[in-house]
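Asker: Please find one structure pasted underneath; my questions will follow.
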Amino acid sequence: MKYNYDFYKGEDLYSDGDIENTLLEYTSKYKDGEYDEVFKTDVRWPIFYHLSKIRQNIIKWYPMEKDAELLEIGAGPGAITGALCDKVKHVTCVELSKRRAICNGNRNENRDNLEIIVGNLNEVKFDKKFDYITLNGVLEYAALYTESSNNPYIEFLNNIKRLLKPEGKLLIAIENKFGMKYFAGAPEDHTSVKYDGIVGYQGPQKIKTFGKKELQELLENTRF
């Protein structure tokens, strides 16, 4: 495993707050897969969310070519990075936050098929293209980090498409804005406003999720 700070400008552009210091402590103290010891005494949701092995279920089922190269965009503290490293020849992660990237590195320090790049994807220069690209909980933030005069989500997807090989595949996981919990009155995950996604996001925020039809239209507009 190696870090690449060539595109890091000294500022973490995304953070879940001080809880990341605790994540850093746990990933330094325990090896990946040993976090059941943590959960015996620390049952806070962010800790379980970032460190639980259950998170890997979102990708473990998908068949990948063993000899492939994969780009994980927005790897965070490494919830699925190890599972990806098990599936392909090489994984390149891009993460906005140095602190979150170090958590990931701590969890995967013995991997010889992993590079973690710290910086904004839109500013990273790649010398290769990839067989797979994953966007796991990332697309909803595209408008925050992508300059666009039209549609930042389409611009972001177009930028990603240039990094795929001709037969490459893009895998997207994102909250469904029409999720049942939202109809039941749960606040929207990103804005904390009830029914926000269902009514089409009325506020000025630049974070939004999509329904299935909207996702299909985004992908069709970018010719995926």
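By convention here, the chains of the structure tokens are called A, B, ... in the order presented, each chain's residues are numbered starting at 1, and ligands are numbered starting at 1 in the order presented.
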Could I get the residues of stretch 33-74 of chain A with an atom no further than 12 Å from an atom of stretch 156-165 of chain A, each paired with its nearest atom pair and that distance in Å to one decimal, using only C-alpha atoms, sorted by chain and residue number, as JSON lines?
Answerer:
{"residue": "A:Ala68", "atom": "CA", "partner": "A:Lys165", "partner_atom": "CA", "distance": 10.8}
{"residue": "A:Glu69", "atom": "CA", "partner": "A:Lys165", "partner_atom": "CA", "distance": 10.0}
{"residue": "A:Leu70", "atom": "CA", "partner": "A:Leu164", "partner_atom": "CA", "distance": 9.4}
{"residue": "A:Leu71", "atom": "CA", "partner": "A:Leu163", "partner_atom": "CA", "distance": 8.8}
{"residue": "A:Glu72", "atom": "CA", "partner": "A:Ile160", "partner_atom": "CA", "distance": 11.0}
{"residue": "A:Ile73", "atom": "CA", "partner": "A:Ile160", "partner_atom": "CA", "distance": 9.4}
Asker: So which bits of chain A end up strand (DSSP E or B) when you DSSP the backbone, as a PyMOL selection string?
Answerer: chain A and resi 2-4+69-73+90-95+114-118+130-136+164-173+176+187+194+210
Asker: Output N, CA, C and O atoms for every residue in the selection just made, as a compact mmCIF listing (two decimals), in the first residue's frame.
Answerer:
# COMPACT_ATOMS: atom_id res chain seq x y z
N LYS A 2 0.50 2.21 -0.82
CA LYS A 2 1.24 3.47 -0.81
C LYS A 2 0.29 4.65 -0.91
O LYS A 2 -0.80 4.56 -1.49
N TYR A 3 0.71 5.77 -0.30
CA TYR A 3 -0.04 7.01 -0.39
C TYR A 3 0.54 7.87 -1.52
O TYR A 3 1.74 7.85 -1.80
N ASN A 4 -0.34 8.67 -2.13
CA ASN A 4 0.07 9.63 -3.14
C ASN A 4 -0.52 10.99 -2.75
O ASN A 4 -1.73 11.17 -2.78
N GLU A 69 -7.99 -3.66 -13.24
CA GLU A 69 -7.59 -2.49 -12.46
C GLU A 69 -8.86 -1.70 -12.14
O GLU A 69 -9.72 -1.48 -12.99
N LEU A 70 -8.94 -1.23 -10.89
CA LEU A 70 -10.16 -0.58 -10.42
C LEU A 70 -9.84 0.76 -9.77
O LEU A 70 -8.85 0.90 -9.07
N LEU A 71 -10.71 1.74 -10.01
CA LEU A 71 -10.62 3.05 -9.39
C LEU A 71 -11.78 3.22 -8.42
O LEU A 71 -12.95 3.16 -8.83
N GLU A 72 -11.48 3.41 -7.14
CA GLU A 72 -12.50 3.66 -6.13
C GLU A 72 -12.52 5.15 -5.82
O GLU A 72 -11.57 5.68 -5.24
N ILE A 73 -13.59 5.82 -6.20
CA ILE A 73 -13.70 7.26 -6.00
C ILE A 73 -14.43 7.53 -4.68
O ILE A 73 -15.51 7.01 -4.45
N HIS A 90 -5.37 -4.64 -9.03
CA HIS A 90 -4.90 -3.39 -8.42
C HIS A 90 -6.06 -2.44 -8.20
O HIS A 90 -6.95 -2.32 -9.04
N VAL A 91 -6.02 -1.75 -7.06
CA VAL A 91 -7.03 -0.75 -6.71
C VAL A 91 -6.35 0.60 -6.51
O VAL A 91 -5.35 0.70 -5.78
N THR A 92 -6.89 1.63 -7.15
CA THR A 92 -6.47 3.01 -6.91
C THR A 92 -7.63 3.73 -6.25
O THR A 92 -8.74 3.76 -6.79
N CYS A 93 -7.39 4.28 -5.07
CA CYS A 93 -8.41 5.04 -4.35
C CYS A 93 -8.14 6.53 -4.50
O CYS A 93 -6.99 6.96 -4.51
N VAL A 94 -9.21 7.31 -4.60
CA VAL A 94 -9.11 8.76 -4.52
C VAL A 94 -9.98 9.23 -3.37
O VAL A 94 -11.16 8.86 -3.28
N GLU A 95 -9.40 10.02 -2.47
CA GLU A 95 -10.12 10.47 -1.28
C GLU A 95 -9.76 11.94 -1.00
O GLU A 95 -8.60 12.32 -1.04
N LEU A 114 -2.52 -1.72 -3.70
CA LEU A 114 -3.35 -0.56 -3.37
C LEU A 114 -2.55 0.73 -3.37
O LEU A 114 -1.47 0.81 -2.77
N GLU A 115 -3.09 1.75 -4.05
CA GLU A 115 -2.56 3.11 -3.98
C GLU A 115 -3.70 4.04 -3.56
O GLU A 115 -4.80 3.96 -4.12
N ILE A 116 -3.44 4.90 -2.58
CA ILE A 116 -4.44 5.86 -2.12
C ILE A 116 -3.98 7.26 -2.49
O ILE A 116 -2.97 7.76 -1.98
N ILE A 117 -4.73 7.90 -3.38
CA ILE A 117 -4.43 9.27 -3.81
C ILE A 117 -5.30 10.23 -3.01
O ILE A 117 -6.52 10.06 -2.94
N VAL A 118 -4.69 11.23 -2.40
CA VAL A 118 -5.44 12.22 -1.62
C VAL A 118 -5.59 13.49 -2.45
O VAL A 118 -4.59 14.08 -2.87
N PHE A 130 -9.17 2.48 -16.48
CA PHE A 130 -9.54 1.43 -15.55
C PHE A 130 -10.62 0.52 -16.12
O PHE A 130 -11.46 0.94 -16.92
N ASP A 131 -10.60 -0.73 -15.64
CA ASP A 131 -11.62 -1.70 -16.01
C ASP A 131 -12.92 -1.46 -15.25
O ASP A 131 -14.01 -1.71 -15.77
N TYR A 132 -12.79 -1.01 -14.01
CA TYR A 132 -13.95 -0.73 -13.16
C TYR A 132 -13.73 0.59 -12.43
O TYR A 132 -12.62 0.91 -12.02
N ILE A 133 -14.83 1.32 -12.24
CA ILE A 133 -14.83 2.49 -11.37
C ILE A 133 -16.03 2.37 -10.44
O ILE A 133 -17.14 2.06 -10.89
N THR A 134 -15.81 2.61 -9.14
CA THR A 134 -16.91 2.56 -8.19
C THR A 134 -17.21 3.94 -7.62
O THR A 134 -16.30 4.71 -7.30
N LEU A 135 -18.50 4.24 -7.51
CA LEU A 135 -18.99 5.45 -6.85
C LEU A 135 -19.93 4.98 -5.76
O LEU A 135 -21.12 4.74 -5.99
N ASN A 136 -19.42 4.83 -4.57
CA ASN A 136 -20.22 4.33 -3.45
C ASN A 136 -20.50 5.48 -2.48
O ASN A 136 -19.62 5.90 -1.73
N LEU A 164 -12.42 5.40 -17.97
CA LEU A 164 -12.76 3.99 -18.18
C LEU A 164 -12.19 3.49 -19.49
O LEU A 164 -12.16 4.20 -20.50
N LYS A 165 -11.78 2.23 -19.49
CA LYS A 165 -11.42 1.56 -20.73
C LYS A 165 -12.68 1.41 -21.58
O LYS A 165 -13.80 1.50 -21.07
N PRO A 166 -12.53 1.16 -22.88
CA PRO A 166 -13.71 1.07 -23.77
C PRO A 166 -14.79 0.11 -23.28
O PRO A 166 -15.98 0.39 -23.43
N GLU A 167 -14.39 -0.99 -22.69
CA GLU A 167 -15.37 -1.96 -22.18
C GLU A 167 -15.49 -1.88 -20.66
O GLU A 167 -16.00 -2.81 -20.02
N GLY A 168 -15.01 -0.79 -20.07
CA GLY A 168 -15.02 -0.65 -18.62
C GLY A 168 -16.43 -0.48 -18.06
O GLY A 168 -17.37 -0.14 -18.78
N LYS A 169 -16.55 -0.70 -16.77
CA LYS A 169 -17.86 -0.67 -16.12
C LYS A 169 -17.83 0.31 -14.93
O LYS A 169 -16.88 0.34 -14.17
N LEU A 170 -18.92 1.05 -14.81
CA LEU A 170 -19.12 1.98 -13.69
C LEU A 170 -20.15 1.39 -12.75
O LEU A 170 -21.26 1.03 -13.18
N LEU A 171 -19.82 1.30 -11.46
CA LEU A 171 -20.75 0.78 -10.46
C LEU A 171 -21.11 1.90 -9.50
O LEU A 171 -20.24 2.48 -8.85
N ILE A 172 -22.41 2.21 -9.42
CA ILE A 172 -22.90 3.31 -8.60
C ILE A 172 -23.78 2.76 -7.48
O ILE A 172 -24.69 1.97 -7.72
N ALA A 173 -23.50 3.20 -6.25
CA ALA A 173 -24.39 2.94 -5.12
C ALA A 173 -24.73 4.28 -4.50
O ALA A 173 -23.84 5.07 -4.21
N ASN A 176 -31.57 6.05 -2.28
CA ASN A 176 -32.74 6.30 -3.10
C ASN A 176 -33.58 7.40 -2.43
O ASN A 176 -34.04 7.24 -1.31
N PRO A 187 -35.81 12.09 8.44
CA PRO A 187 -35.17 13.23 7.77
C PRO A 187 -34.23 12.75 6.65
O PRO A 187 -33.63 11.69 6.76
N LYS A 194 -37.17 16.72 6.64
CA LYS A 194 -38.15 15.69 6.31
C LYS A 194 -38.73 15.92 4.91
O LYS A 194 -39.04 17.04 4.53
N PHE A 210 -31.05 10.62 -5.89
CA PHE A 210 -31.91 10.45 -7.07
C PHE A 210 -32.81 9.24 -6.93
O PHE A 210 -32.54 8.33 -6.15
Asker: Between atom CA of A:Glu109 and atom CA of A:Glu123, what is the distance, to one decimal in Å?
Answerer: 25.4 Å
Asker: Work out how far atom CA of A:His190 is from atom CA of A:Lys177, in Å to one decimal.
Answerer: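 Distance between the two atoms: 10.6 Å.
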Asker: Contacts of A:Gly200 at 12 Å or less, counting only C-alpha atoms, minus same-chain residues fewer than 4 places along, as a PyMOL selection string?
Answerer: chain A and resi 177-178+188+193-196+204-205+207-211+214
Asker: Determine the nearest neighbour of A:Asp189 from the options A:Thr27, A:Asn221, A:Glu140, A:Phe126, counting only C-alpha atoms.
Answerer: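 Checking each candidate against A:Asp189, we get A:Glu140 as the closest.
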Asker: Identify, on the basis of only C-alpha atoms, every residue whose closest approach to A:Gly76 does not exceed 8 Å; exclude the query and any residue fewer than 2 positions from it along the same chain; express the result as a PDB file with N, CA, C and O atoms, in the first residue's frame.
Answerer:
ATOM      1  N   GLY A  74     -13.816   8.342  -3.828  1.00  0.00           N
ATOM      2  CA  GLY A  74     -14.407   8.629  -2.535  1.00  0.00           C
ATOM      3  C   GLY A  74     -14.352   7.431  -1.614  1.00  0.00           C
ATOM      4  O   GLY A  74     -15.355   6.969  -1.088  1.00  0.00           O
ATOM      5  N   GLY A  78     -12.252   3.545   4.149  1.00  0.00           N
ATOM      6  CA  GLY A  78     -11.911   2.212   3.637  1.00  0.00           C
ATOM      7  C   GLY A  78     -12.918   1.124   3.917  1.00  0.00           C
ATOM      8  O   GLY A  78     -12.546  -0.051   4.035  1.00  0.00           O
ATOM      9  N   ALA A  79     -14.204   1.454   3.966  1.00  0.00           N
ATOM     10  CA  ALA A  79     -15.220   0.459   4.295  1.00  0.00           C
ATOM     11  C   ALA A  79     -15.241  -0.710   3.324  1.00  0.00           C
ATOM     12  O   ALA A  79     -15.456  -1.856   3.724  1.00  0.00           O
ATOM     13  N   GLU A  95      -9.399  10.023  -2.466  1.00  0.00           N
ATOM     14  CA  GLU A  95     -10.116  10.472  -1.276  1.00  0.00           C
ATOM     15  C   GLU A  95      -9.763  11.939  -1.001  1.00  0.00           C
ATOM     16  O   GLU A  95      -8.597  12.318  -1.041  1.00  0.00           O
ATOM     17  N   SER A  97     -10.012  13.602   1.801  1.00  0.00           N
ATOM     18  CA  SER A  97      -9.519  13.861   3.151  1.00  0.00           C
ATOM     19  C   SER A  97      -8.278  13.031   3.476  1.00  0.00           C
ATOM     20  O   SER A  97      -8.295  11.801   3.345  1.00  0.00           O
ATOM     21  N   ARG A 100      -9.119  10.676   6.520  1.00  0.00           N
ATOM     22  CA  ARG A 100      -9.884   9.499   6.126  1.00  0.00           C
ATOM     23  C   ARG A 100      -9.012   8.533   5.322  1.00  0.00           C
ATOM     24  O   ARG A 100      -9.119   7.307   5.458  1.00  0.00           O
ATOM     25  N   ALA A 101      -8.135   9.085   4.493  1.00  0.00           N
ATOM     26  CA  ALA A 101      -7.234   8.245   3.708  1.00  0.00           C
ATOM     27  C   ALA A 101      -6.284   7.460   4.608  1.00  0.00           C
ATOM     28  O   ALA A 101      -5.978   6.282   4.340  1.00  0.00           O
ATOM     29  N   ASN A 104      -7.989   4.504   6.010  1.00  0.00           N
ATOM     30  CA  ASN A 104      -8.018   3.461   4.987  1.00  0.00           C
ATOM     31  C   ASN A 104      -6.669   2.755   4.902  1.00  0.00           C
ATOM     32  O   ASN A 104      -6.589   1.522   4.849  1.00  0.00           O
TER      33      ASN A 104
END
Asker: Rounded to one decimal place, report the atom CA of A:Val199-atom CA of A:Leu218 distance in Å.
Answerer: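 Calculated distance between atom CA of A:Val199 and atom CA of A:Leu218 is 19.1 Å.
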Asker: Determine, counting only C-alpha atoms, which protein, DNA and RNA residues have an atom within 8 Å of an atom of A:Lys206; residues of the same chain fewer than 3 positions away are not included. Present the result as an MDAnalysis selection string.
Answerer: chainID A and resid 141 143:144
Asker: Can you pull out the residues contacting A:Ile102? Cut-off 8 Å, using only C-alpha atoms, and skip same-chain residues under 4 positions away; I want them as a tab-separated table (two decimals) with N, CA, C and O atoms, in the first residue's frame.
Answerer:
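Output saved as around38.tsv:
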chain	number	residue	atom	x	y	z
A	24	LEU	N	-9.58	7.12	13.45
A	24	LEU	CA	-8.14	7.05	13.26
A	24	LEU	C	-7.48	6.25	14.39
A	24	LEU	O	-6.58	5.42	14.16
A	77	PRO	N	-12.91	6.11	4.84
A	77	PRO	CA	-12.02	5.37	5.75
A	77	PRO	C	-11.81	3.91	5.35
A	77	PRO	O	-11.31	3.13	6.13
A	98	LYS	N	-7.23	13.70	3.92
A	98	LYS	CA	-6.03	12.98	4.33
A	98	LYS	C	-6.30	12.11	5.55
A	98	LYS	O	-5.82	10.97	5.63
A	106	ASN	N	-4.38	2.51	7.21
A	106	ASN	CA	-4.18	1.69	8.40
A	106	ASN	C	-4.86	0.32	8.26
A	106	ASN	O	-4.31	-0.70	8.68
